[in-house]
Every structure is written in C-alpha cells, then in structure tokens.
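Peer 1: Following this line is input-v8.pdb, made up of PDB, C-alpha atoms:
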```
ATOM      1  CA  MET A   1       0.000   0.000   0.000  1.00  0.00           C
ATOM      2  CA  ALA A   2       2.798   2.402   0.925  1.00  0.00           C
ATOM      3  CA  THR A   3       4.519   1.620  -2.368  1.00  0.00           C
ATOM      4  CA  ALA A   4       1.335   2.275  -4.302  1.00  0.00           C
ATOM      5  CA  GLU A   5       0.830   5.587  -2.493  1.00  0.00           C
ATOM      6  CA  ALA A   6       4.422   6.618  -3.157  1.00  0.00           C
ATOM      7  CA  SER A   7       3.998   5.765  -6.822  1.00  0.00           C
ATOM      8  CA  LYS A   8       0.779   7.756  -6.923  1.00  0.00           C
ATOM      9  CA  ASP A   9       2.457  10.766  -5.272  1.00  0.00           C
ATOM     10  CA  SER A  10       5.358  10.535  -7.718  1.00  0.00           C
ATOM     11  CA  THR A  11       2.981  10.407 -10.679  1.00  0.00           C
ATOM     12  CA  GLN A  12       1.068  13.414  -9.381  1.00  0.00           C
ATOM     13  CA  GLN A  13       4.296  15.347  -8.888  1.00  0.00           C
ATOM     14  CA  VAL A  14       5.425  14.659 -12.450  1.00  0.00           C
ATOM     15  CA  SER A  15       1.966  15.566 -13.746  1.00  0.00           C
ATOM     16  CA  ARG A  16       1.967  18.843 -11.832  1.00  0.00           C
ATOM     17  CA  HIS A  17       5.462  19.591 -13.049  1.00  0.00           C
ATOM     18  CA  GLN A  18       4.505  19.149 -16.690  1.00  0.00           C
ATOM     19  CA  GLU A  19       1.830  21.799 -16.318  1.00  0.00           C
ATOM     20  CA  VAL A  20       4.234  24.420 -14.964  1.00  0.00           C
ATOM     21  CA  GLY A  21       5.079  27.047 -17.570  1.00  0.00           C
ATOM     22  CA  HIS A  22       8.822  27.250 -16.976  1.00  0.00           C
ATOM     23  CA  LYS A  23       9.760  24.485 -19.432  1.00  0.00           C
ATOM     24  CA  SER A  24      12.205  22.642 -17.213  1.00  0.00           C
ATOM     25  CA  LEU A  25      13.055  18.987 -17.734  1.00  0.00           C
ATOM     26  CA  LEU A  26      13.767  18.501 -14.034  1.00  0.00           C
ATOM     27  CA  GLN A  27      11.270  16.221 -12.335  1.00  0.00           C
ATOM     28  CA  SER A  28      11.206  18.323  -9.180  1.00  0.00           C
ATOM     29  CA  ASP A  29       9.606  21.761  -9.169  1.00  0.00           C
ATOM     30  CA  ALA A  30      11.286  22.447  -5.845  1.00  0.00           C
ATOM     31  CA  LEU A  31      14.752  21.760  -7.282  1.00  0.00           C
ATOM     32  CA  TYR A  32      14.097  23.950 -10.295  1.00  0.00           C
ATOM     33  CA  GLN A  33      12.780  26.717  -8.064  1.00  0.00           C
ATOM     34  CA  TYR A  34      15.957  26.424  -6.001  1.00  0.00           C
ATOM     35  CA  ILE A  35      18.070  26.976  -9.137  1.00  0.00           C
ATOM     36  CA  LEU A  36      16.000  29.993 -10.119  1.00  0.00           C
ATOM     37  CA  GLU A  37      15.960  31.608  -6.703  1.00  0.00           C
ATOM     38  CA  THR A  38      19.602  30.876  -5.866  1.00  0.00           C
ATOM     39  CA  SER A  39      21.476  31.373  -9.137  1.00  0.00           C
ATOM     40  CA  VAL A  40      19.189  32.906 -11.756  1.00  0.00           C
ATOM     41  CA  TYR A  41      16.812  35.524 -10.369  1.00  0.00           C
ATOM     42  CA  PRO A  42      19.383  37.262  -8.108  1.00  0.00           C
ATOM     43  CA  ARG A  43      21.661  37.826 -11.137  1.00  0.00           C
ATOM     44  CA  GLU A  44      18.956  38.501 -13.727  1.00  0.00           C
ATOM     45  CA  PRO A  45      19.319  42.012 -15.189  1.00  0.00           C
ATOM     46  CA  GLU A  46      16.346  44.234 -14.367  1.00  0.00           C
ATOM     47  CA  PRO A  47      15.269  44.629 -18.034  1.00  0.00           C
ATOM     48  CA  MET A  48      15.164  40.841 -18.431  1.00  0.00           C
ATOM     49  CA  ARG A  49      13.091  40.458 -15.282  1.00  0.00           C
ATOM     50  CA  GLU A  50      10.684  43.096 -16.571  1.00  0.00           C
ATOM     51  CA  LEU A  51      10.363  41.449 -19.979  1.00  0.00           C
ATOM     52  CA  ARG A  52       9.963  38.000 -18.407  1.00  0.00           C
ATOM     53  CA  GLU A  53       7.045  39.268 -16.308  1.00  0.00           C
ATOM     54  CA  ILE A  54       5.431  40.974 -19.315  1.00  0.00           C
ATOM     55  CA  THR A  55       5.774  37.782 -21.366  1.00  0.00           C
ATOM     56  CA  ALA A  56       4.283  35.656 -18.575  1.00  0.00           C
ATOM     57  CA  LYS A  57       0.970  37.468 -19.115  1.00  0.00           C
ATOM     58  CA  HIS A  58       0.913  36.649 -22.840  1.00  0.00           C
ATOM     59  CA  PRO A  59      -1.358  33.736 -23.864  1.00  0.00           C
ATOM     60  CA  TRP A  60       1.544  32.057 -25.696  1.00  0.00           C
ATOM     61  CA  ASN A  61       3.994  32.436 -22.817  1.00  0.00           C
ATOM     62  CA  LEU A  62       5.177  28.814 -23.151  1.00  0.00           C
ATOM     63  CA  MET A  63       7.041  29.945 -26.266  1.00  0.00           C
ATOM     64  CA  THR A  64       9.482  32.067 -24.285  1.00  0.00           C
ATOM     65  CA  THR A  65      13.026  31.080 -23.369  1.00  0.00           C
ATOM     66  CA  SER A  66      13.268  30.057 -19.720  1.00  0.00           C
ATOM     67  CA  ALA A  67      15.157  32.311 -17.314  1.00  0.00           C
ATOM     68  CA  ASP A  68      17.886  29.754 -16.638  1.00  0.00           C
ATOM     69  CA  GLU A  69      18.452  29.261 -20.369  1.00  0.00           C
ATOM     70  CA  GLY A  70      18.581  33.023 -20.867  1.00  0.00           C
ATOM     71  CA  GLN A  71      21.303  33.203 -18.223  1.00  0.00           C
ATOM     72  CA  PHE A  72      23.180  30.328 -19.866  1.00  0.00           C
ATOM     73  CA  LEU A  73      23.105  31.981 -23.303  1.00  0.00           C
ATOM     74  CA  HIS A  74      24.239  35.298 -21.838  1.00  0.00           C
ATOM     75  CA  LEU A  75      27.302  33.693 -20.265  1.00  0.00           C
ATOM     76  CA  LEU A  76      28.051  31.583 -23.340  1.00  0.00           C
ATOM     77  CA  LEU A  77      28.106  34.625 -25.612  1.00  0.00           C
ATOM     78  CA  LYS A  78      30.611  36.321 -23.340  1.00  0.00           C
ATOM     79  CA  LEU A  79      32.767  33.198 -23.137  1.00  0.00           C
ATOM     80  CA  ILE A  80      33.084  32.993 -26.923  1.00  0.00           C
ATOM     81  CA  ASN A  81      33.424  36.793 -27.317  1.00  0.00           C
ATOM     82  CA  ALA A  82      30.535  36.896 -29.771  1.00  0.00           C
ATOM     83  CA  LYS A  83      29.993  40.104 -31.685  1.00  0.00           C
ATOM     84  CA  ASN A  84      28.004  39.272 -34.824  1.00  0.00           C
ATOM     85  CA  THR A  85      25.020  37.020 -34.123  1.00  0.00           C
ATOM     86  CA  MET A  86      21.707  35.848 -35.536  1.00  0.00           C
ATOM     87  CA  GLU A  87      18.456  34.764 -33.911  1.00  0.00           C
ATOM     88  CA  ILE A  88      15.697  32.891 -35.734  1.00  0.00           C
ATOM     89  CA  GLY A  89      12.481  33.006 -33.734  1.00  0.00           C
ATOM     90  CA  VAL A  90      12.186  36.022 -31.449  1.00  0.00           C
ATOM     91  CA  TYR A  91       8.719  35.996 -29.839  1.00  0.00           C
ATOM     92  CA  THR A  92       8.750  38.850 -27.268  1.00  0.00           C
ATOM     93  CA  GLY A  93      12.537  38.993 -27.235  1.00  0.00           C
ATOM     94  CA  TYR A  94      13.683  37.519 -23.908  1.00  0.00           C
ATOM     95  CA  SER A  95      16.578  35.536 -25.394  1.00  0.00           C
ATOM     96  CA  LEU A  96      17.201  38.414 -27.805  1.00  0.00           C
ATOM     97  CA  LEU A  97      17.564  40.831 -24.892  1.00  0.00           C
ATOM     98  CA  SER A  98      19.862  38.382 -23.121  1.00  0.00           C
ATOM     99  CA  THR A  99      22.045  38.318 -26.245  1.00  0.00           C
ATOM    100  CA  ALA A 100      21.967  42.089 -26.734  1.00  0.00           C
ATOM    101  CA  LEU A 101      23.059  42.694 -23.150  1.00  0.00           C
ATOM    102  CA  ALA A 102      25.947  40.241 -23.553  1.00  0.00           C
ATOM    103  CA  LEU A 103      27.340  41.728 -26.767  1.00  0.00           C
ATOM    104  CA  PRO A 104      29.734  44.683 -26.866  1.00  0.00           C
ATOM    105  CA  ASP A 105      28.256  48.067 -27.737  1.00  0.00           C
ATOM    106  CA  ASP A 106      29.119  47.616 -31.419  1.00  0.00           C
ATOM    107  CA  GLY A 107      27.751  44.064 -31.517  1.00  0.00           C
ATOM    108  CA  LYS A 108      24.995  43.142 -33.970  1.00  0.00           C
ATOM    109  CA  ILE A 109      22.056  40.738 -33.985  1.00  0.00           C
ATOM    110  CA  LEU A 110      20.092  39.842 -37.099  1.00  0.00           C
ATOM    111  CA  ALA A 111      16.726  38.859 -35.587  1.00  0.00           C
ATOM    112  CA  MET A 112      13.964  37.222 -37.617  1.00  0.00           C
ATOM    113  CA  ASP A 113      10.398  36.306 -36.735  1.00  0.00           C
ATOM    114  CA  ILE A 114       7.118  36.000 -38.603  1.00  0.00           C
ATOM    115  CA  ASN A 115       5.310  38.093 -35.968  1.00  0.00           C
ATOM    116  CA  ARG A 116       6.402  41.690 -35.368  1.00  0.00           C
ATOM    117  CA  GLU A 117       3.527  42.284 -32.950  1.00  0.00           C
ATOM    118  CA  ASN A 118       5.035  39.941 -30.345  1.00  0.00           C
ATOM    119  CA  TYR A 119       8.471  41.529 -30.765  1.00  0.00           C
ATOM    120  CA  GLU A 120       7.002  44.989 -30.280  1.00  0.00           C
ATOM    121  CA  LEU A 121       5.559  43.846 -26.958  1.00  0.00           C
ATOM    122  CA  GLY A 122       9.088  43.567 -25.625  1.00  0.00           C
ATOM    123  CA  LEU A 123      10.649  46.355 -27.696  1.00  0.00           C
ATOM    124  CA  PRO A 124      10.022  49.155 -25.151  1.00  0.00           C
ATOM    125  CA  VAL A 125      11.986  47.174 -22.556  1.00  0.00           C
ATOM    126  CA  ILE A 126      14.791  46.536 -25.042  1.00  0.00           C
ATOM    127  CA  GLN A 127      14.892  50.244 -25.884  1.00  0.00           C
ATOM    128  CA  LYS A 128      14.914  51.237 -22.228  1.00  0.00           C
ATOM    129  CA  ALA A 129      17.839  48.848 -21.679  1.00  0.00           C
ATOM    130  CA  GLY A 130      19.789  50.821 -24.293  1.00  0.00           C
ATOM    131  CA  VAL A 131      20.522  47.894 -26.618  1.00  0.00           C
ATOM    132  CA  ALA A 132      17.959  48.329 -29.413  1.00  0.00           C
ATOM    133  CA  HIS A 133      20.658  49.734 -31.716  1.00  0.00           C
ATOM    134  CA  LYS A 134      22.306  46.309 -31.795  1.00  0.00           C
ATOM    135  CA  ILE A 135      19.210  44.637 -33.284  1.00  0.00           C
ATOM    136  CA  ASP A 136      18.231  44.398 -36.940  1.00  0.00           C
ATOM    137  CA  PHE A 137      14.720  42.926 -36.759  1.00  0.00           C
ATOM    138  CA  ARG A 138      13.153  41.526 -39.901  1.00  0.00           C
ATOM    139  CA  GLU A 139       9.591  40.287 -40.054  1.00  0.00           C
ATOM    140  CA  GLY A 140       8.866  37.252 -42.193  1.00  0.00           C
ATOM    141  CA  PRO A 141      10.158  33.742 -42.929  1.00  0.00           C
ATOM    142  CA  ALA A 142      13.880  33.282 -42.327  1.00  0.00           C
ATOM    143  CA  LEU A 143      14.708  30.825 -45.118  1.00  0.00           C
ATOM    144  CA  PRO A 144      14.478  33.350 -48.002  1.00  0.00           C
ATOM    145  CA  VAL A 145      16.711  35.746 -46.052  1.00  0.00           C
ATOM    146  CA  LEU A 146      19.245  32.978 -45.433  1.00  0.00           C
ATOM    147  CA  ASP A 147      19.235  31.996 -49.110  1.00  0.00           C
ATOM    148  CA  GLN A 148      19.869  35.602 -50.071  1.00  0.00           C
ATOM    149  CA  MET A 149      22.782  35.838 -47.648  1.00  0.00           C
ATOM    150  CA  LEU A 150      24.290  32.636 -49.014  1.00  0.00           C
ATOM    151  CA  GLU A 151      24.420  34.206 -52.467  1.00  0.00           C
ATOM    152  CA  ASN A 152      26.876  36.729 -51.021  1.00  0.00           C
ATOM    153  CA  LYS A 153      30.208  34.976 -50.436  1.00  0.00           C
ATOM    154  CA  GLU A 154      31.207  37.677 -47.959  1.00  0.00           C
ATOM    155  CA  MET A 155      28.437  36.493 -45.643  1.00  0.00           C
ATOM    156  CA  HIS A 156      29.835  32.967 -45.457  1.00  0.00           C
ATOM    157  CA  GLY A 157      31.462  32.339 -42.100  1.00  0.00           C
ATOM    158  CA  SER A 158      30.490  35.798 -40.839  1.00  0.00           C
ATOM    159  CA  PHE A 159      28.472  34.909 -37.721  1.00  0.00           C
ATOM    160  CA  ASP A 160      29.977  34.112 -34.325  1.00  0.00           C
ATOM    161  CA  PHE A 161      26.772  32.727 -32.841  1.00  0.00           C
ATOM    162  CA  ILE A 162      23.336  31.753 -34.135  1.00  0.00           C
ATOM    163  CA  PHE A 163      20.335  30.830 -31.970  1.00  0.00           C
ATOM    164  CA  VAL A 164      17.354  28.970 -33.451  1.00  0.00           C
ATOM    165  CA  ASP A 165      14.042  28.788 -31.602  1.00  0.00           C
ATOM    166  CA  ALA A 166      11.481  28.691 -34.382  1.00  0.00           C
ATOM    167  CA  ASP A 167       9.423  26.223 -36.463  1.00  0.00           C
ATOM    168  CA  LYS A 168      10.791  22.786 -35.605  1.00  0.00           C
ATOM    169  CA  ASP A 169       9.778  21.312 -38.971  1.00  0.00           C
ATOM    170  CA  ASN A 170      12.328  23.624 -40.609  1.00  0.00           C
ATOM    171  CA  TYR A 171      15.241  23.069 -38.219  1.00  0.00           C
ATOM    172  CA  LEU A 172      17.080  20.848 -40.687  1.00  0.00           C
ATOM    173  CA  ASN A 173      16.466  23.359 -43.472  1.00  0.00           C
ATOM    174  CA  TYR A 174      17.949  26.044 -41.251  1.00  0.00           C
ATOM    175  CA  HIS A 175      20.952  23.888 -40.424  1.00  0.00           C
ATOM    176  CA  LYS A 176      21.755  23.244 -44.081  1.00  0.00           C
ATOM    177  CA  ARG A 177      22.108  26.994 -44.552  1.00  0.00           C
ATOM    178  CA  LEU A 178      23.454  28.146 -41.196  1.00  0.00           C
ATOM    179  CA  ILE A 179      26.435  25.800 -41.283  1.00  0.00           C
ATOM    180  CA  ASP A 180      27.885  27.958 -44.071  1.00  0.00           C
ATOM    181  CA  LEU A 181      27.000  31.275 -42.420  1.00  0.00           C
ATOM    182  CA  VAL A 182      28.548  30.579 -39.011  1.00  0.00           C
ATOM    183  CA  LYS A 183      32.329  30.901 -38.844  1.00  0.00           C
ATOM    184  CA  ILE A 184      34.649  27.971 -38.152  1.00  0.00           C
ATOM    185  CA  GLY A 185      34.838  27.910 -34.372  1.00  0.00           C
ATOM    186  CA  GLY A 186      31.463  29.635 -34.159  1.00  0.00           C
ATOM    187  CA  VAL A 187      28.414  28.171 -32.423  1.00  0.00           C
ATOM    188  CA  ILE A 188      24.834  27.394 -33.459  1.00  0.00           C
ATOM    189  CA  GLY A 189      22.326  26.736 -30.669  1.00  0.00           C
ATOM    190  CA  TYR A 190      19.134  24.807 -31.426  1.00  0.00           C
ATOM    191  CA  ASP A 191      16.443  25.183 -28.769  1.00  0.00           C
ATOM    192  CA  ASN A 192      13.825  22.611 -27.697  1.00  0.00           C
ATOM    193  CA  THR A 193      15.851  19.575 -28.781  1.00  0.00           C
ATOM    194  CA  LEU A 194      14.463  17.449 -25.948  1.00  0.00           C
ATOM    195  CA  TRP A 195      10.934  18.678 -26.749  1.00  0.00           C
ATOM    196  CA  ASN A 196       9.220  18.371 -23.396  1.00  0.00           C
ATOM    197  CA  GLY A 197      10.862  14.961 -22.929  1.00  0.00           C
ATOM    198  CA  SER A 198       8.713  13.556 -25.740  1.00  0.00           C
ATOM    199  CA  VAL A 199      11.760  12.366 -27.710  1.00  0.00           C
ATOM    200  CA  VAL A 200      11.779   9.245 -25.502  1.00  0.00           C
ATOM    201  CA  ALA A 201       8.024   8.884 -25.098  1.00  0.00           C
ATOM    202  CA  PRO A 202       6.418   5.636 -26.346  1.00  0.00           C
ATOM    203  CA  PRO A 203       4.293   5.890 -29.514  1.00  0.00           C
ATOM    204  CA  ASP A 204       1.034   5.664 -27.563  1.00  0.00           C
ATOM    205  CA  ALA A 205       2.012   8.220 -24.909  1.00  0.00           C
ATOM    206  CA  PRO A 206      -0.614  10.914 -24.230  1.00  0.00           C
ATOM    207  CA  LEU A 207       0.982  14.059 -25.671  1.00  0.00           C
ATOM    208  CA  ARG A 208      -0.341  17.492 -26.418  1.00  0.00           C
ATOM    209  CA  LYS A 209      -1.192  17.836 -30.100  1.00  0.00           C
ATOM    210  CA  TYR A 210       1.571  20.309 -30.928  1.00  0.00           C
ATOM    211  CA  VAL A 211       4.139  18.242 -29.004  1.00  0.00           C
ATOM    212  CA  ARG A 212       3.246  15.102 -30.948  1.00  0.00           C
ATOM    213  CA  PHE A 213       3.191  16.970 -34.282  1.00  0.00           C
ATOM    214  CA  TYR A 214       6.752  18.293 -33.987  1.00  0.00           C
ATOM    215  CA  ARG A 215       8.332  15.407 -32.097  1.00  0.00           C
ATOM    216  CA  ASP A 216       9.486  13.468 -35.159  1.00  0.00           C
ATOM    217  CA  PHE A 217      11.083  16.593 -36.626  1.00  0.00           C
ATOM    218  CA  VAL A 218      13.048  17.111 -33.421  1.00  0.00           C
ATOM    219  CA  ILE A 219      14.151  13.464 -33.351  1.00  0.00           C
ATOM    220  CA  GLU A 220      15.248  13.713 -36.985  1.00  0.00           C
ATOM    221  CA  LEU A 221      17.246  16.850 -36.214  1.00  0.00           C
ATOM    222  CA  ASN A 222      18.976  15.237 -33.243  1.00  0.00           C
ATOM    223  CA  LYS A 223      20.056  12.274 -35.364  1.00  0.00           C
ATOM    224  CA  ALA A 224      21.312  14.540 -38.142  1.00  0.00           C
ATOM    225  CA  LEU A 225      23.331  16.756 -35.795  1.00  0.00           C
ATOM    226  CA  ALA A 226      24.906  13.724 -34.110  1.00  0.00           C
ATOM    227  CA  ALA A 227      26.042  12.433 -37.510  1.00  0.00           C
ATOM    228  CA  ASP A 228      27.279  15.756 -38.953  1.00  0.00           C
ATOM    229  CA  PRO A 229      31.112  15.676 -39.185  1.00  0.00           C
ATOM    230  CA  ARG A 230      31.277  19.452 -39.648  1.00  0.00           C
ATOM    231  CA  ILE A 231      30.344  20.142 -36.025  1.00  0.00           C
ATOM    232  CA  GLU A 232      31.098  19.210 -32.440  1.00  0.00           C
ATOM    233  CA  ILE A 233      27.937  18.998 -30.365  1.00  0.00           C
ATOM    234  CA  SER A 234      26.683  18.989 -26.801  1.00  0.00           C
ATOM    235  CA  GLN A 235      23.023  18.466 -25.955  1.00  0.00           C
ATOM    236  CA  ILE A 236      22.256  20.155 -22.652  1.00  0.00           C
ATOM    237  CA  PRO A 237      19.110  19.633 -20.524  1.00  0.00           C
ATOM    238  CA  VAL A 238      18.635  23.343 -19.823  1.00  0.00           C
ATOM    239  CA  GLY A 239      15.148  24.719 -20.411  1.00  0.00           C
ATOM    240  CA  ASP A 240      13.536  22.399 -22.945  1.00  0.00           C
ATOM    241  CA  GLY A 241      16.908  21.121 -24.120  1.00  0.00           C
ATOM    242  CA  ILE A 242      19.433  23.041 -26.183  1.00  0.00           C
ATOM    243  CA  THR A 243      21.999  21.525 -28.553  1.00  0.00           C
ATOM    244  CA  LEU A 244      25.150  23.538 -29.099  1.00  0.00           C
ATOM    245  CA  CYS A 245      26.990  22.946 -32.373  1.00  0.00           C
ATOM    246  CA  ARG A 246      30.527  24.242 -32.831  1.00  0.00           C
ATOM    247  CA  ARG A 247      31.567  24.361 -36.481  1.00  0.00           C
ATOM    248  CA  VAL A 248      34.920  22.670 -37.016  1.00  0.00           C
ATOM    249  CA  ILE A 249      35.008  22.369 -40.822  1.00  0.00           C
TER     250      ILE A 249
END
```
What does this structure look like when you write it as structure tokens?

Peer 2:
Amino acid sequence: MATAEASKDSTQQVSRHQEVGHKSLLQSDALYQYILETSVYPREPEPMRELREITAKHPWNLMTTSADEGQFLHLLLKLINAKNTMEIGVYTGYSLLSTALALPDDGKILAMDINRENYELGLPVIQKAGVAHKIDFREGPALPVLDQMLENKEMHGSFDFIFVDADKDNYLNYHKRLIDLVKIGGVIGYDNTLWNGSVVAPPDAPLRKYVRFYRDFVIELNKALAADPRIEISQIPVGDGITLCRRVI
C-alpha cells in the first residue's frame, strides 16, 4: 500500500510539473525553483526580469526562453566573445535581450520572426535597456533571407553565434544553410531539442497535439546533428533542451 501511495504521489508530482510554464526537464519543481531563486533571479538584469514578467501574461507564454536558459546563453556569448550574431524566432525577445546585453556596444544581432507584434511587446523594454541599436529585426520567414545571404560569399562564415528557436519542422532546413554562415569555431544553438521529454516517449504516450506533431522533426534533427562531421555537439538539458553545435570544418 505504501509503495502504491508513493507511486501515486510521484505520478502526481510529475503531472503537476509538466503543467508548470517554466519548461524545465527537471522532475522536481522544488529543485528547479531552487536553481532559479539561488542562481538565476538574483543575477537577472532588471530589463530581463521586466520582460519575463510581461511575457508571462501573454497567452503564448510557453514559447518564451526560460530564465535559466537566458542566463546560460548570456554567459556563453561572453565566453566565446561573440559580436556578430543571428536569432531565428524572437517571440517577445527575452533571449534576444539576453544576447543584446551580452554583446559589446558595437555588436549586432540579425533577428527574424514572422510576428512583429510579439516583438514589439518587448521592444520598449529593449529600448529602455539601451541595446535596441544592436538589433536588426526583420519580419517574415527566415529561409528566403538565409538563401539571399548565401548568395553573397562575404556572408559565409560571418556569424559568431546563431540561436534557433522557431518552427521545428524547418530546423534541418535552417541547419543546411546556417552551417555555411557561421564561422569555423562559431556556435549554433538549437532550442527545444528534448521537446518536453517527448523524444523518448512511447508511440502511444498521451501528448499534447503540438508536441506530438513536432516530435518526429526534433528526433530527426537530433540524429542529423549527431552524424554531422562538420560540427562538435553537446546536448544540454537546460530549459527544454538546447543543442550547441561548434563548427569545425
């Protein structure tokens, strides 16, 4: 009986955790909250806190980058001394703001999203933070822009860092183009590569419709990245999973 109750409690805890909007893969809300309260929130820049709270009120708030991932990206960009970057998929701009704050004053971010309205929700915060001049925002699909850049040989190998958090069914299409645009030694980060843990879920697992729809695309991407000899990779269980790819060829 005690075992059955413990199992029931564990199942309820996991169920509750999956409904929390912070997109953590940890099975303990308490442990995740500890990370946030101890290491993330105390060091979160005020503009990022403000934008995070604005985004939390948006009906699509699950699309945002988690606070711990935003902190991770911010530190990573400083570690690799990134200056010229790209972001595909902006939403309200939390990860974009994290990047902009990490770059030097003359750093640049080419930011693309199909929805300017969401970006403009966060734009006043970005402007107040004094980093809007670093951002070149373009509304619309990213693939045509990437194809245009590839036609210009000077654009090849010109980006230090690229972050992709957009339509999962196009991740492989993005990779085929981005590998030539990022410099050798540069990094591409693909977000959501553990996709709510669904990448290991059995075929008959009860999944939300959008999770099930994109799961196979994410699995296909993970296999392709693991087999790509042009990159070194590390798949990290931060947020909803992020795979870092360092171009070596």

Peer 1: Have a look at CA of Gly140 in chain A and CA of Arg116 in chain A and let me know their distance in Å, one decimal.

Peer 2: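 That distance, rounded to one decimal, is 8.5 Å.
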
Peer 1: Measuring atom to atom with all atoms listed in the file, identify which of A:Phe159, A:Tyr94, A:Tyr34, A:Phe213 is nearest to Pro47 in chain A.

Peer 2: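 Comparing A:Phe159, A:Tyr94, A:Tyr34, A:Phe213 against Pro47 in chain A, the winner is A:Tyr94.
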
Peer 1: Hey, can you check how far CA of Trp195 in chain A sits from CA of Asp160 in chain A?

Peer 2: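 Computing the Euclidean distance for CA of Trp195 in chain A and CA of Asp160 in chain A yields 25.7 Å.
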
Peer 1: Tell me which protein, DNA and RNA residues are within 6 Å of Glu69 in chain A, counting only C-alpha atoms, leaving out same-chain ones fewer than 3 positions away, and put them as a list in words.

Peer 2: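 Listed by chain and then number, they are Ser66, Phe72, Val238 and Gly239 of chain A.
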
Peer 1: Using only C-alpha atoms, which of A:Leu75, A:Ala100, A:Ala56, A:Ile188 sits nearest Val40 in chain A?

Peer 2: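 Between A:Leu75, A:Ala100, A:Ala56, A:Ile188, the residue approaching Val40 in chain A most closely is A:Leu75.
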
Peer 1: One number please: CA of Phe163 in chain A to CA of Leu110 in chain A, in Å, one decimal.

Peer 2: 10.4 Å

Peer 1: Quick one: residues within 10 Å of Thr92 in chain A, all atoms listed in the file counted, chain neighbours fewer than 6 positions away excluded, as number ranges by chain?

Peer 2: A: 51-52, 54-55, 58, 61, 63-65, 113, 115-123

Peer 1: Quick one: of A:Leu76, A:Lys209, A:Leu97, A:Asp216, who's nearest to Leu244 in chain A, counting all atoms listed in the file?

Peer 2: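 Of the candidates, the smallest distance to Leu244 in chain A is held by A:Leu76.
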
Peer 1: Pick out the residues sitting within 8 Å of range 132-134 of chain A, and hand them over as a list in words; count all atoms listed in the file, and ignore anything fewer than 6 positions along from it in its own chain.

Peer 2: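 The residues satisfying every condition are Ala100, Asp105, Asp106, Gly107, Lys108, Ile109, Leu123 and Ile126 of chain A.
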
Peer 1: Output C-alpha atoms for every residue in that selection, as a short mmCIF file (atom, residue, chain, number, x, y, z; two decimals), in the frame of the given file.

Peer 2:
```
data_model
loop_
_atom_site.label_atom_id
_atom_site.label_comp_id
_atom_site.auth_asym_id
_atom_site.auth_seq_id
_atom_site.Cartn_x
_atom_site.Cartn_y
_atom_site.Cartn_z
CA ALA A 100 21.97 42.09 -26.73
CA ASP A 105 28.26 48.07 -27.74
CA ASP A 106 29.12 47.62 -31.42
CA GLY A 107 27.75 44.06 -31.52
CA LYS A 108 25.00 43.14 -33.97
CA ILE A 109 22.06 40.74 -33.98
CA LEU A 123 10.65 46.36 -27.70
CA ILE A 126 14.79 46.54 -25.04
#
```

Peer 1: Restricting the calculation to only C-alpha atoms, which member of A:Val125, A:Leu25, A:Met149, A:Ile88 is positioned closest to Thr193 in chain A?

Peer 2: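 Nearest candidate to Thr193 in chain A out of A:Val125, A:Leu25, A:Met149, A:Ile88: A:Leu25.
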
Peer 1: Compile the contact shell of Ile249 in chain A as number ranges by chain: residues with an atom at most 12 Å away, counting all atoms listed in the file, same-chain residues fewer than 5 positions apart removed.

Peer 2: A: 157, 179-180, 182-186, 228-232

Peer 1: For Lys168 in chain A, which of A:Leu96, A:Leu26, A:Val218, A:Leu73 is the closest residue, counting all atoms listed in the file?

Peer 2: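 Ranked by minimum distance to Lys168 in chain A, first place goes to A:Val218.
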
Peer 1: Select, from A:Val248, A:Leu221, A:Leu103, A:Leu62, the residue with the minimum atom-to-atom distance to Tyr190 in chain A, counting all atoms listed in the file.

Peer 2: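 So, comparing all the options, the nearest one is A:Leu221.
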
Peer 1: Name the residues captured by the PyMOL selection byres ((chain A and resi 141) around 8) when it is applied to the shown file; answer as a count of residues only.

Peer 2: 9

Peer 1: Could you tell me, as a PyMOL selection string, exactly which residues end up selected when the PyMOL selection byres ((chain A and resi 217) around 12) is applied to this structure?

Peer 2: chain A and resi 167-173+192-195+198-199+210-216+218-224
